[in-house]
file model37.cif (mmCIF, C-alpha atoms)
data_data
loop_
_atom_site.group_PDB
_atom_site.id
_atom_site.type_symbol
_atom_site.label_atom_id
_atom_site.label_comp_id
_atom_site.auth_asym_id
_atom_site.auth_seq_id
_atom_site.Cartn_x
_atom_site.Cartn_y
_atom_site.Cartn_z
ATOM 1 C CA MET A 1 0.000 0.000 0.000
ATOM 2 C CA SER A 2 3.050 2.273 0.080
ATOM 3 C CA ASP A 3 2.319 3.631 -3.426
ATOM 4 C CA LEU A 4 -1.262 4.502 -2.497
ATOM 5 C CA VAL A 5 -2.286 7.613 -0.594
ATOM 6 C CA ILE A 6 -5.515 7.736 1.398
ATOM 7 C CA GLY A 7 -7.214 11.044 0.642
ATOM 8 C CA ASP A 8 -9.216 13.201 3.010
ATOM 9 C CA ASP A 9 -12.260 11.470 1.507
ATOM 10 C CA GLY A 10 -10.929 8.090 2.669
ATOM 11 C CA LEU A 11 -10.236 6.877 -0.883
ATOM 12 C CA ALA A 12 -6.937 5.295 -1.961
ATOM 13 C CA ARG A 13 -5.188 6.799 -4.984
ATOM 14 C CA PRO A 14 -1.681 6.575 -6.462
ATOM 15 C CA VAL A 15 0.751 9.336 -5.526
ATOM 16 C CA TRP A 16 0.416 11.051 -8.924
ATOM 17 C CA ALA A 17 -3.322 11.531 -8.414
ATOM 18 C CA SER A 18 -3.308 12.317 -4.707
ATOM 19 C CA THR A 19 -2.632 16.043 -4.373
ATOM 20 C CA ASP A 20 -3.217 18.054 -7.566
ATOM 21 C CA PRO A 21 -6.990 18.703 -7.866
ATOM 22 C CA MET A 22 -6.935 18.488 -11.684
ATOM 23 C CA LEU A 23 -5.085 15.166 -11.735
ATOM 24 C CA ARG A 24 -7.232 13.843 -8.904
ATOM 25 C CA ASP A 25 -10.444 14.667 -10.757
ATOM 26 C CA TYR A 26 -9.086 13.148 -13.980
ATOM 27 C CA TYR A 27 -8.113 9.980 -12.109
ATOM 28 C CA ASP A 28 -11.437 9.743 -10.267
ATOM 29 C CA THR A 29 -13.756 10.389 -13.194
ATOM 30 C CA GLU A 30 -12.092 9.721 -16.531
ATOM 31 C CA TRP A 31 -8.792 7.827 -16.676
ATOM 32 C CA GLY A 32 -9.333 4.175 -17.485
ATOM 33 C CA MET A 33 -13.033 4.500 -18.245
ATOM 34 C CA PRO A 34 -14.095 2.929 -21.555
ATOM 35 C CA VAL A 35 -14.134 5.216 -24.596
ATOM 36 C CA HIS A 36 -15.710 3.718 -27.724
ATOM 37 C CA ASP A 37 -16.576 6.725 -29.909
ATOM 38 C CA GLU A 38 -14.339 7.815 -32.788
ATOM 39 C CA ARG A 39 -13.925 11.405 -31.658
ATOM 40 C CA GLY A 40 -13.117 10.381 -28.087
ATOM 41 C CA VAL A 41 -10.475 7.886 -29.206
ATOM 42 C CA PHE A 42 -9.014 10.367 -31.718
ATOM 43 C CA GLU A 43 -8.780 13.056 -29.029
ATOM 44 C CA ARG A 44 -6.964 10.759 -26.617
ATOM 45 C CA LEU A 45 -4.676 9.452 -29.367
ATOM 46 C CA SER A 46 -3.803 13.054 -30.244
ATOM 47 C CA LEU A 47 -3.251 14.177 -26.651
ATOM 48 C CA GLU A 48 -1.093 11.133 -25.856
ATOM 49 C CA ALA A 49 1.102 12.062 -28.844
ATOM 50 C CA PHE A 50 1.394 15.666 -27.631
ATOM 51 C CA GLN A 51 2.209 14.392 -24.138
ATOM 52 C CA SER A 52 5.269 12.479 -25.352
ATOM 53 C CA GLY A 53 8.230 13.949 -23.478
ATOM 54 C CA LEU A 54 6.020 16.150 -21.301
ATOM 55 C CA SER A 55 3.950 15.690 -18.149
ATOM 56 C CA TRP A 56 0.315 14.664 -18.411
ATOM 57 C CA ARG A 57 -0.493 17.564 -16.063
ATOM 58 C CA THR A 58 0.722 19.978 -18.761
ATOM 59 C CA ILE A 59 -1.515 18.403 -21.410
ATOM 60 C CA LEU A 60 -4.545 18.187 -19.134
ATOM 61 C CA ALA A 61 -4.250 21.885 -18.263
ATOM 62 C CA LYS A 62 -4.128 22.739 -21.966
ATOM 63 C CA ARG A 63 -6.915 20.379 -23.038
ATOM 64 C CA PRO A 64 -9.581 23.110 -23.406
ATOM 65 C CA ALA A 65 -7.202 25.055 -25.661
ATOM 66 C CA PHE A 66 -6.367 21.893 -27.634
ATOM 67 C CA ARG A 67 -10.076 21.244 -28.148
ATOM 68 C CA ALA A 68 -10.626 24.789 -29.391
ATOM 69 C CA ALA A 69 -7.563 24.673 -31.658
ATOM 70 C CA PHE A 70 -8.367 21.277 -33.172
ATOM 71 C CA ALA A 71 -12.113 21.713 -33.852
ATOM 72 C CA ASP A 72 -13.045 19.660 -30.766
ATOM 73 C CA PHE A 73 -11.042 16.800 -32.326
ATOM 74 C CA ASP A 74 -13.538 16.258 -35.124
ATOM 75 C CA PRO A 75 -11.477 14.019 -37.466
ATOM 76 C CA ASP A 76 -13.192 15.348 -40.604
ATOM 77 C CA ALA A 77 -12.433 18.948 -39.682
ATOM 78 C CA VAL A 78 -8.824 18.255 -38.657
ATOM 79 C CA ALA A 79 -8.235 16.197 -41.802
ATOM 80 C CA GLY A 80 -9.039 19.351 -43.774
ATOM 81 C CA PHE A 81 -6.413 21.478 -42.016
ATOM 82 C CA GLY A 82 -3.874 23.065 -44.342
ATOM 83 C CA GLU A 83 -0.685 25.098 -44.027
ATOM 84 C CA HIS A 84 -2.626 28.137 -42.794
ATOM 85 C CA ASP A 85 -3.972 26.032 -39.925
ATOM 86 C CA VAL A 86 -0.487 24.739 -39.117
ATOM 87 C CA ASP A 87 0.732 28.347 -38.920
ATOM 88 C CA ARG A 88 -2.253 29.233 -36.708
ATOM 89 C CA LEU A 89 -1.539 26.312 -34.390
ATOM 90 C CA MET A 90 2.174 27.129 -34.199
ATOM 91 C CA ALA A 91 1.186 30.627 -33.010
ATOM 92 C CA ASP A 92 -1.278 29.332 -30.395
ATOM 93 C CA ALA A 93 0.364 29.650 -26.963
ATOM 94 C CA GLY A 94 -2.502 27.716 -25.404
ATOM 95 C CA ILE A 95 -1.317 24.406 -26.867
ATOM 96 C CA VAL A 96 2.009 22.602 -27.217
ATOM 97 C CA ARG A 97 3.556 24.215 -30.282
ATOM 98 C CA ASN A 98 5.437 21.309 -31.789
ATOM 99 C CA ARG A 99 5.259 21.272 -35.585
ATOM 100 C CA ALA A 100 5.908 17.535 -35.896
ATOM 101 C CA LYS A 101 3.132 16.716 -33.427
ATOM 102 C CA ILE A 102 0.715 19.146 -35.088
ATOM 103 C CA LEU A 103 1.412 17.590 -38.489
ATOM 104 C CA ALA A 104 1.031 14.112 -36.974
ATOM 105 C CA THR A 105 -2.398 15.065 -35.615
ATOM 106 C CA ILE A 106 -3.520 16.160 -39.089
ATOM 107 C CA THR A 107 -2.024 12.976 -40.588
ATOM 108 C CA ASN A 108 -3.820 10.897 -37.966
ATOM 109 C CA ALA A 109 -7.119 12.636 -38.663
ATOM 110 C CA ASN A 110 -6.818 11.624 -42.321
ATOM 111 C CA ALA A 111 -5.886 8.074 -41.301
ATOM 112 C CA THR A 112 -8.885 7.996 -38.938
ATOM 113 C CA VAL A 113 -11.236 8.996 -41.750
ATOM 114 C CA ALA A 114 -9.720 6.327 -44.018
ATOM 115 C CA LEU A 115 -10.079 3.672 -41.317
ATOM 116 C CA ARG A 116 -13.870 4.063 -41.302
ATOM 117 C CA ALA A 117 -14.000 1.746 -44.318
ATOM 118 C CA ASP A 118 -12.743 -1.061 -42.043
ATOM 119 C CA GLY A 119 -14.880 -0.472 -38.962
ATOM 120 C CA GLY A 120 -13.338 2.719 -37.622
ATOM 121 C CA LEU A 121 -10.638 3.849 -35.223
ATOM 122 C CA ALA A 122 -12.340 2.861 -31.958
ATOM 123 C CA GLU A 123 -13.113 -0.684 -33.086
ATOM 124 C CA PHE A 124 -9.583 -1.026 -34.493
ATOM 125 C CA VAL A 125 -7.866 0.117 -31.286
ATOM 126 C CA TRP A 126 -10.137 -1.980 -29.057
ATOM 127 C CA SER A 127 -9.381 -5.072 -31.163
ATOM 128 C CA PHE A 128 -5.958 -5.092 -29.454
ATOM 129 C CA ARG A 129 -7.446 -5.667 -25.997
ATOM 130 C CA PRO A 130 -5.403 -8.378 -24.275
ATOM 131 C CA SER A 131 -6.897 -11.483 -22.673
ATOM 132 C CA THR A 132 -5.695 -10.371 -19.228
ATOM 133 C CA THR A 133 -4.844 -7.057 -17.605
ATOM 134 C CA PRO A 134 -1.907 -6.233 -15.319
ATOM 135 C CA GLU A 135 -2.461 -6.309 -11.563
ATOM 136 C CA PRO A 136 0.170 -3.905 -10.234
ATOM 137 C CA SER A 137 0.507 -3.369 -6.502
ATOM 138 C CA THR A 138 3.189 -0.675 -6.848
ATOM 139 C CA SER A 139 3.945 2.012 -9.400
ATOM 140 C CA ALA A 140 7.114 0.131 -10.330
ATOM 141 C CA GLU A 141 4.958 -2.821 -11.413
ATOM 142 C CA VAL A 142 2.915 -0.759 -13.892
ATOM 143 C CA PRO A 143 4.125 -1.695 -17.383
ATOM 144 C CA THR A 144 4.914 1.017 -19.927
ATOM 145 C CA THR A 145 4.528 -1.244 -22.972
ATOM 146 C CA SER A 146 2.986 -4.602 -23.757
ATOM 147 C CA GLU A 147 2.877 -7.131 -26.558
ATOM 148 C CA GLU A 148 -0.469 -5.619 -27.543
ATOM 149 C CA SER A 149 0.758 -2.005 -27.496
ATOM 150 C CA VAL A 150 3.677 -2.999 -29.754
ATOM 151 C CA ALA A 151 1.253 -4.736 -32.126
ATOM 152 C CA LEU A 152 -1.161 -1.772 -32.069
ATOM 153 C CA SER A 153 1.706 0.614 -32.795
ATOM 154 C CA LYS A 154 2.803 -1.414 -35.829
ATOM 155 C CA ALA A 155 -0.759 -1.818 -37.091
ATOM 156 C CA LEU A 156 -1.523 1.911 -36.824
ATOM 157 C CA ARG A 157 1.721 2.816 -38.591
ATOM 158 C CA LYS A 158 0.736 0.498 -41.449
ATOM 159 C CA ARG A 159 -2.541 2.434 -41.631
ATOM 160 C CA GLY A 160 -0.677 5.743 -41.984
ATOM 161 C CA PHE A 161 -0.693 6.986 -38.376
ATOM 162 C CA ALA A 162 2.252 8.878 -36.856
ATOM 163 C CA PHE A 163 3.519 9.394 -33.275
ATOM 164 C CA VAL A 164 2.032 6.058 -32.247
ATOM 165 C CA GLY A 165 4.993 4.334 -30.578
ATOM 166 C CA PRO A 166 4.458 1.338 -28.254
ATOM 167 C CA THR A 167 4.780 3.397 -25.044
ATOM 168 C CA THR A 168 2.334 6.026 -26.302
ATOM 169 C CA MET A 169 -0.076 3.283 -27.399
ATOM 170 C CA HIS A 170 0.161 1.612 -23.991
ATOM 171 C CA ALA A 171 -0.727 4.925 -22.342
ATOM 172 C CA LEU A 172 -3.657 5.213 -24.772
ATOM 173 C CA MET A 173 -4.830 1.698 -23.877
ATOM 174 C CA GLU A 174 -4.713 2.639 -20.176
ATOM 175 C CA ALA A 175 -6.604 5.901 -20.757
ATOM 176 C CA LEU A 176 -9.327 4.178 -22.824
ATOM 177 C CA GLY A 177 -9.867 1.364 -20.330
ATOM 178 C CA ILE A 178 -8.520 -1.327 -22.674
ATOM 179 C CA VAL A 179 -6.189 -2.344 -19.851
ATOM 180 C CA ASP A 180 -6.648 -1.612 -16.151
ATOM 181 C CA THR A 181 -3.406 -0.479 -14.532
ATOM 182 C CA HIS A 182 -5.024 1.062 -11.467
ATOM 183 C CA LEU A 183 -3.022 -0.178 -8.503
ATOM 184 C CA VAL A 184 -4.524 -3.057 -6.558
ATOM 185 C CA GLY A 185 -6.129 -1.364 -3.564
ATOM 186 C CA SER A 186 -7.029 1.836 -5.421
ATOM 187 C CA HIS A 187 -10.680 2.850 -5.213
ATOM 188 C CA ARG A 188 -10.708 2.916 -9.025
ATOM 189 C CA ARG A 189 -9.413 -0.634 -9.578
ATOM 190 C CA GLY A 190 -11.988 -2.510 -11.683
ATOM 191 C CA SER A 191 -14.275 0.522 -11.994
ATOM 192 C CA SER A 192 -14.330 0.448 -15.799
ATOM 193 C CA GLY A 193 -16.441 -2.686 -15.896
ATOM 194 C CA VAL A 194 -14.156 -4.055 -18.624
ATOM 195 C CA TRP A 195 -12.192 -6.225 -16.208
ATOM 196 C CA ALA A 196 -13.918 -8.159 -13.437
#
call {"tool": "encode", "arguments": {"input": "model37.cif", "output": "structure tokens"}}
result
Amino acid sequence: MSDLVIGDDGLARPVWASTDPMLRDYYDTEWGMPVHDERGVFERLSLEAFQSGLSWRTILAKRPAFRAAFADFDPDAVAGFGEHDVDRLMADAGIVRNRAKILATITNANATVALRADGGLAEFVWSFRPSTTPEPSTSAEVPTTSEESVALSKALRKRGFAFVGPTTMHALMEALGIVDTHLVGSHRRGSSGVWA
């Protein structure tokens, strides 16, 4: 239980979600809950790519600005972004101004639209759900990649996606509820309903 902190509400959370109100709310209400709609999966895929090399706290704080800048992560709208939009985004201090990640988001929007012919992004990503989920008791036991995240990364790259490395895809799988890496003993363990 050393990696869990009991909050003033009596609930056990990991250290990362125990003090900052924004992270605590995200942990309590959103992280690891199933997301099955295209826009929701595309948003999380995009934000996980922007998070690469940065803290999730930074991305979460900027999420309203990201949503405004990227047409609420509507894949059709983002797929239509051109050079003018890239310039606009590079000038937007509310988001992470990384040209490669901005271009990857536009690329991924186009790939998302193309994937509809084969069932769509959400169905595709969820098809990599493993047969079991990790059961970490400590933060050190939480995996950062898996056989499935490596396979998902390769499959998305073949479909034209960018910034979808195995570590980023594992984080996406955690965020979407495809795997449950809530620590054993956390009040959120098993709350997604995906894993009994």
call {"tool": "resolve_selection", "arguments": {"input": "model37.cif", "expression": "the PyMOL selection byres ((chain A and resi 154-170) around 7)", "output": "list in words"}}
result
Glu48, Ala49, Ala104, Thr107, Asn108, Ala111, Thr144, Thr145, Ser146, Ser149, Val150, Ala151, Leu152, Ser153, Ala171, Leu172, Met173 and Glu174 of chain A
call {"tool": "resolve_selection", "arguments": {"input": "model37.cif", "expression": "the PyMOL selection byres ((chain A and resi 185) around 9)", "output": "ChimeraX atom specification"}}
result
/A:1,4,12-13,137,182-184,186-189
call {"tool": "write_last_selection", "arguments": {"input": "model37.cif", "atoms": "C-alpha atoms", "output": "mmCIF file, in the coordinates of the input"}}
result
data_model
loop_
_atom_site.group_PDB
_atom_site.id
_atom_site.type_symbol
_atom_site.label_atom_id
_atom_site.label_comp_id
_atom_site.auth_asym_id
_atom_site.auth_seq_id
_atom_site.Cartn_x
_atom_site.Cartn_y
_atom_site.Cartn_z
ATOM 1 C CA MET A 1 0.000 0.000 0.000
ATOM 2 C CA LEU A 4 -1.262 4.502 -2.497
ATOM 3 C CA ALA A 12 -6.937 5.295 -1.961
ATOM 4 C CA ARG A 13 -5.188 6.799 -4.984
ATOM 5 C CA SER A 137 0.507 -3.369 -6.502
ATOM 6 C CA HIS A 182 -5.024 1.062 -11.467
ATOM 7 C CA LEU A 183 -3.022 -0.178 -8.503
ATOM 8 C CA VAL A 184 -4.524 -3.057 -6.558
ATOM 9 C CA SER A 186 -7.029 1.836 -5.421
ATOM 10 C CA HIS A 187 -10.680 2.850 -5.213
ATOM 11 C CA ARG A 188 -10.708 2.916 -9.025
ATOM 12 C CA ARG A 189 -9.413 -0.634 -9.578
#
call {"tool": "resolve_selection", "arguments": {"input": "model37.cif", "expression": "the PyMOL selection byres ((chain A and resi 32) around 7)", "output": "VMD selection string"}}
result
chain A and resid 30 to 31 33 to 34 174 to 177 180 192
call {"tool": "closest_residue", "arguments": {"input": "model37.cif", "among": "A:Asp37, A:Met90, A:Met22, A:Phe73", "to": "Phe124 of chain A", "atoms": "only C-alpha atoms"}}
result
A:Asp37
call {"tool": "residues_near_point", "arguments": {"input": "model37.cif", "point": "(-4.1, -6.9, -12.8)", "cutoff": "7 Å", "atoms": "all atoms listed in the file", "output": "PDB file with C-alpha atoms, in the frame of the given file"}}
result
ATOM      1  CA  THR A 133      -4.844  -7.057 -17.605  1.00  0.00           C
ATOM      2  CA  PRO A 134      -1.907  -6.233 -15.319  1.00  0.00           C
ATOM      3  CA  GLU A 135      -2.461  -6.309 -11.563  1.00  0.00           C
ATOM      4  CA  PRO A 136       0.170  -3.905 -10.234  1.00  0.00           C
ATOM      5  CA  ASP A 180      -6.648  -1.612 -16.151  1.00  0.00           C
ATOM      6  CA  THR A 181      -3.406  -0.479 -14.532  1.00  0.00           C
TER       7      THR A 181
END
call {"tool": "closest_residue", "arguments": {"input": "model37.cif", "among": "A:Leu11, A:Glu148, A:Trp195, A:Phe70", "to": "Asp92 of chain A", "atoms": "only C-alpha atoms"}}
result
A:Phe70
call {"tool": "atom_distance", "arguments": {"input": "model37.cif", "atom1": "atom CA of Val179 of chain A", "atom2": "atom CA of Gly40 of chain A"}}
result
16.7 Å
call {"tool": "atom_distance", "arguments": {"input": "model37.cif", "atom1": "atom CA of Gly193 of chain A", "atom2": "atom CA of Ser52 of chain A"}}
result
28.1 Å
call {"tool": "atom_distance", "arguments": {"input": "model37.cif", "atom1": "atom CA of Ala65 of chain A", "atom2": "atom CA of Gly94 of chain A"}}
result
5.4 Å
call {"tool": "closest_residue", "arguments": {"input": "model37.cif", "among": "A:Val78, A:Ser131, A:Phe66, A:Val113", "to": "Glu147 of chain A", "atoms": "all atoms listed in the file"}}
result
A:Ser131
call {"tool": "axis_aligned_box", "arguments": {"input": "model37.cif", "around": "segment 133-141 of chain A", "padding_each_side": "5 Å", "output": "lines of an AutoDock Vina configuration file"}}
result
center_x = 1.1
center_y = -2.5
center_z = -12.1
size_x = 22.0
size_y = 19.1
size_z = 21.1
call {"tool": "closest_residue", "arguments": {"input": "model37.cif", "among": "A:Ala140, A:Arg57, A:Ala17, A:Phe50", "to": "Ile102 of chain A", "atoms": "all atoms listed in the file"}}
result
A:Phe50
call {"tool": "closest_residue", "arguments": {"input": "model37.cif", "among": "A:Thr105, A:Tyr27, A:Arg116, A:Arg63", "to": "Val15 of chain A", "atoms": "only C-alpha atoms"}}
result
A:Tyr27
call {"tool": "closest_residue", "arguments": {"input": "model37.cif", "among": "A:Val86, A:Val5, A:Ala100, A:Ala68", "to": "Ser18 of chain A", "atoms": "all atoms listed in the file"}}
result
A:Val5
call {"tool": "build_atoms", "arguments": {"input": "model37.cif", "residues": "segment 141-152 of chain A", "atoms": "all heavy atoms", "output": "PDB file, in the frame of the given file"}}
result
ATOM      1  N   GLU A 141       5.508  -1.649 -10.729  1.00  0.00           N
ATOM      2  CA  GLU A 141       4.958  -2.821 -11.413  1.00  0.00           C
ATOM      3  C   GLU A 141       4.047  -2.451 -12.582  1.00  0.00           C
ATOM      4  O   GLU A 141       3.589  -3.340 -13.310  1.00  0.00           O
ATOM      5  CB  GLU A 141       4.176  -3.692 -10.419  1.00  0.00           C
ATOM      6  CG  GLU A 141       5.043  -4.335  -9.355  1.00  0.00           C
ATOM      7  CD  GLU A 141       4.211  -5.092  -8.315  1.00  0.00           C
ATOM      8  OE1 GLU A 141       2.970  -5.151  -8.439  1.00  0.00           O
ATOM      9  OE2 GLU A 141       4.829  -5.607  -7.366  1.00  0.00           O
ATOM     10  N   VAL A 142       3.772  -1.183 -12.782  1.00  0.00           N
ATOM     11  CA  VAL A 142       2.915  -0.759 -13.892  1.00  0.00           C
ATOM     12  C   VAL A 142       3.742  -0.795 -15.174  1.00  0.00           C
ATOM     13  O   VAL A 142       4.742  -0.087 -15.299  1.00  0.00           O
ATOM     14  CB  VAL A 142       2.349   0.655 -13.662  1.00  0.00           C
ATOM     15  CG1 VAL A 142       1.527   1.099 -14.870  1.00  0.00           C
ATOM     16  CG2 VAL A 142       1.509   0.712 -12.390  1.00  0.00           C
ATOM     17  N   PRO A 143       3.351  -1.621 -16.141  1.00  0.00           N
ATOM     18  CA  PRO A 143       4.125  -1.695 -17.383  1.00  0.00           C
ATOM     19  C   PRO A 143       3.973  -0.421 -18.218  1.00  0.00           C
ATOM     20  O   PRO A 143       2.976   0.291 -18.107  1.00  0.00           O
ATOM     21  CB  PRO A 143       3.521  -2.896 -18.108  1.00  0.00           C
ATOM     22  CG  PRO A 143       2.137  -3.023 -17.565  1.00  0.00           C
ATOM     23  CD  PRO A 143       2.187  -2.515 -16.155  1.00  0.00           C
ATOM     24  N   THR A 144       4.976  -0.144 -19.034  1.00  0.00           N
ATOM     25  CA  THR A 144       4.914   1.017 -19.927  1.00  0.00           C
ATOM     26  C   THR A 144       4.698   0.602 -21.383  1.00  0.00           C
ATOM     27  O   THR A 144       4.394   1.444 -22.234  1.00  0.00           O
ATOM     28  CB  THR A 144       6.193   1.858 -19.820  1.00  0.00           C
ATOM     29  OG1 THR A 144       7.321   1.032 -20.117  1.00  0.00           O
ATOM     30  CG2 THR A 144       6.343   2.464 -18.427  1.00  0.00           C
ATOM     31  N   THR A 145       4.841  -0.683 -21.658  1.00  0.00           N
ATOM     32  CA  THR A 145       4.528  -1.244 -22.972  1.00  0.00           C
ATOM     33  C   THR A 145       3.991  -2.648 -22.756  1.00  0.00           C
ATOM     34  O   THR A 145       4.056  -3.185 -21.645  1.00  0.00           O
ATOM     35  CB  THR A 145       5.763  -1.340 -23.905  1.00  0.00           C
ATOM     36  OG1 THR A 145       6.722  -2.215 -23.312  1.00  0.00           O
ATOM     37  CG2 THR A 145       6.375   0.015 -24.197  1.00  0.00           C
ATOM     38  N   SER A 146       3.469  -3.224 -23.810  1.00  0.00           N
ATOM     39  CA  SER A 146       2.986  -4.602 -23.757  1.00  0.00           C
ATOM     40  C   SER A 146       3.077  -5.176 -25.171  1.00  0.00           C
ATOM     41  O   SER A 146       3.271  -4.438 -26.140  1.00  0.00           O
ATOM     42  CB  SER A 146       1.543  -4.655 -23.262  1.00  0.00           C
ATOM     43  OG  SER A 146       0.680  -4.027 -24.203  1.00  0.00           O
ATOM     44  N   GLU A 147       2.921  -6.476 -25.249  1.00  0.00           N
ATOM     45  CA  GLU A 147       2.877  -7.131 -26.558  1.00  0.00           C
ATOM     46  C   GLU A 147       1.792  -6.488 -27.424  1.00  0.00           C
ATOM     47  O   GLU A 147       1.987  -6.246 -28.617  1.00  0.00           O
ATOM     48  CB  GLU A 147       2.553  -8.609 -26.319  1.00  0.00           C
ATOM     49  CG  GLU A 147       2.971  -9.551 -27.401  1.00  0.00           C
ATOM     50  CD  GLU A 147       2.694 -10.994 -27.004  1.00  0.00           C
ATOM     51  OE1 GLU A 147       3.368 -11.504 -26.087  1.00  0.00           O
ATOM     52  OE2 GLU A 147       1.782 -11.591 -27.621  1.00  0.00           O
ATOM     53  N   GLU A 148       0.664  -6.197 -26.803  1.00  0.00           N
ATOM     54  CA  GLU A 148      -0.469  -5.619 -27.543  1.00  0.00           C
ATOM     55  C   GLU A 148      -0.200  -4.177 -27.963  1.00  0.00           C
ATOM     56  O   GLU A 148      -0.597  -3.765 -29.059  1.00  0.00           O
ATOM     57  CB  GLU A 148      -1.740  -5.690 -26.696  1.00  0.00           C
ATOM     58  CG  GLU A 148      -2.247  -7.095 -26.454  1.00  0.00           C
ATOM     59  CD  GLU A 148      -1.504  -7.852 -25.340  1.00  0.00           C
ATOM     60  OE1 GLU A 148      -0.747  -7.213 -24.572  1.00  0.00           O
ATOM     61  OE2 GLU A 148      -1.676  -9.076 -25.248  1.00  0.00           O
ATOM     62  N   SER A 149       0.479  -3.393 -27.112  1.00  0.00           N
ATOM     63  CA  SER A 149       0.758  -2.005 -27.496  1.00  0.00           C
ATOM     64  C   SER A 149       1.782  -1.951 -28.624  1.00  0.00           C
ATOM     65  O   SER A 149       1.715  -1.073 -29.487  1.00  0.00           O
ATOM     66  CB  SER A 149       1.208  -1.163 -26.293  1.00  0.00           C
ATOM     67  OG  SER A 149       2.535  -1.415 -25.914  1.00  0.00           O
ATOM     68  N   VAL A 150       2.716  -2.901 -28.643  1.00  0.00           N
ATOM     69  CA  VAL A 150       3.677  -2.999 -29.754  1.00  0.00           C
ATOM     70  C   VAL A 150       2.933  -3.356 -31.035  1.00  0.00           C
ATOM     71  O   VAL A 150       3.152  -2.752 -32.094  1.00  0.00           O
ATOM     72  CB  VAL A 150       4.781  -4.038 -29.440  1.00  0.00           C
ATOM     73  CG1 VAL A 150       5.641  -4.317 -30.672  1.00  0.00           C
ATOM     74  CG2 VAL A 150       5.657  -3.562 -28.280  1.00  0.00           C
ATOM     75  N   ALA A 151       2.025  -4.318 -30.950  1.00  0.00           N
ATOM     76  CA  ALA A 151       1.253  -4.736 -32.126  1.00  0.00           C
ATOM     77  C   ALA A 151       0.349  -3.609 -32.621  1.00  0.00           C
ATOM     78  O   ALA A 151       0.245  -3.368 -33.835  1.00  0.00           O
ATOM     79  CB  ALA A 151       0.424  -5.971 -31.790  1.00  0.00           C
ATOM     80  N   LEU A 152      -0.302  -2.897 -31.694  1.00  0.00           N
ATOM     81  CA  LEU A 152      -1.161  -1.772 -32.069  1.00  0.00           C
ATOM     82  C   LEU A 152      -0.341  -0.681 -32.753  1.00  0.00           C
ATOM     83  O   LEU A 152      -0.759  -0.121 -33.771  1.00  0.00           O
ATOM     84  CB  LEU A 152      -1.870  -1.213 -30.833  1.00  0.00           C
ATOM     85  CG  LEU A 152      -2.710   0.051 -31.034  1.00  0.00           C
ATOM     86  CD1 LEU A 152      -3.805  -0.149 -32.081  1.00  0.00           C
ATOM     87  CD2 LEU A 152      -3.316   0.500 -29.701  1.00  0.00           C
TER      88      LEU A 152
END
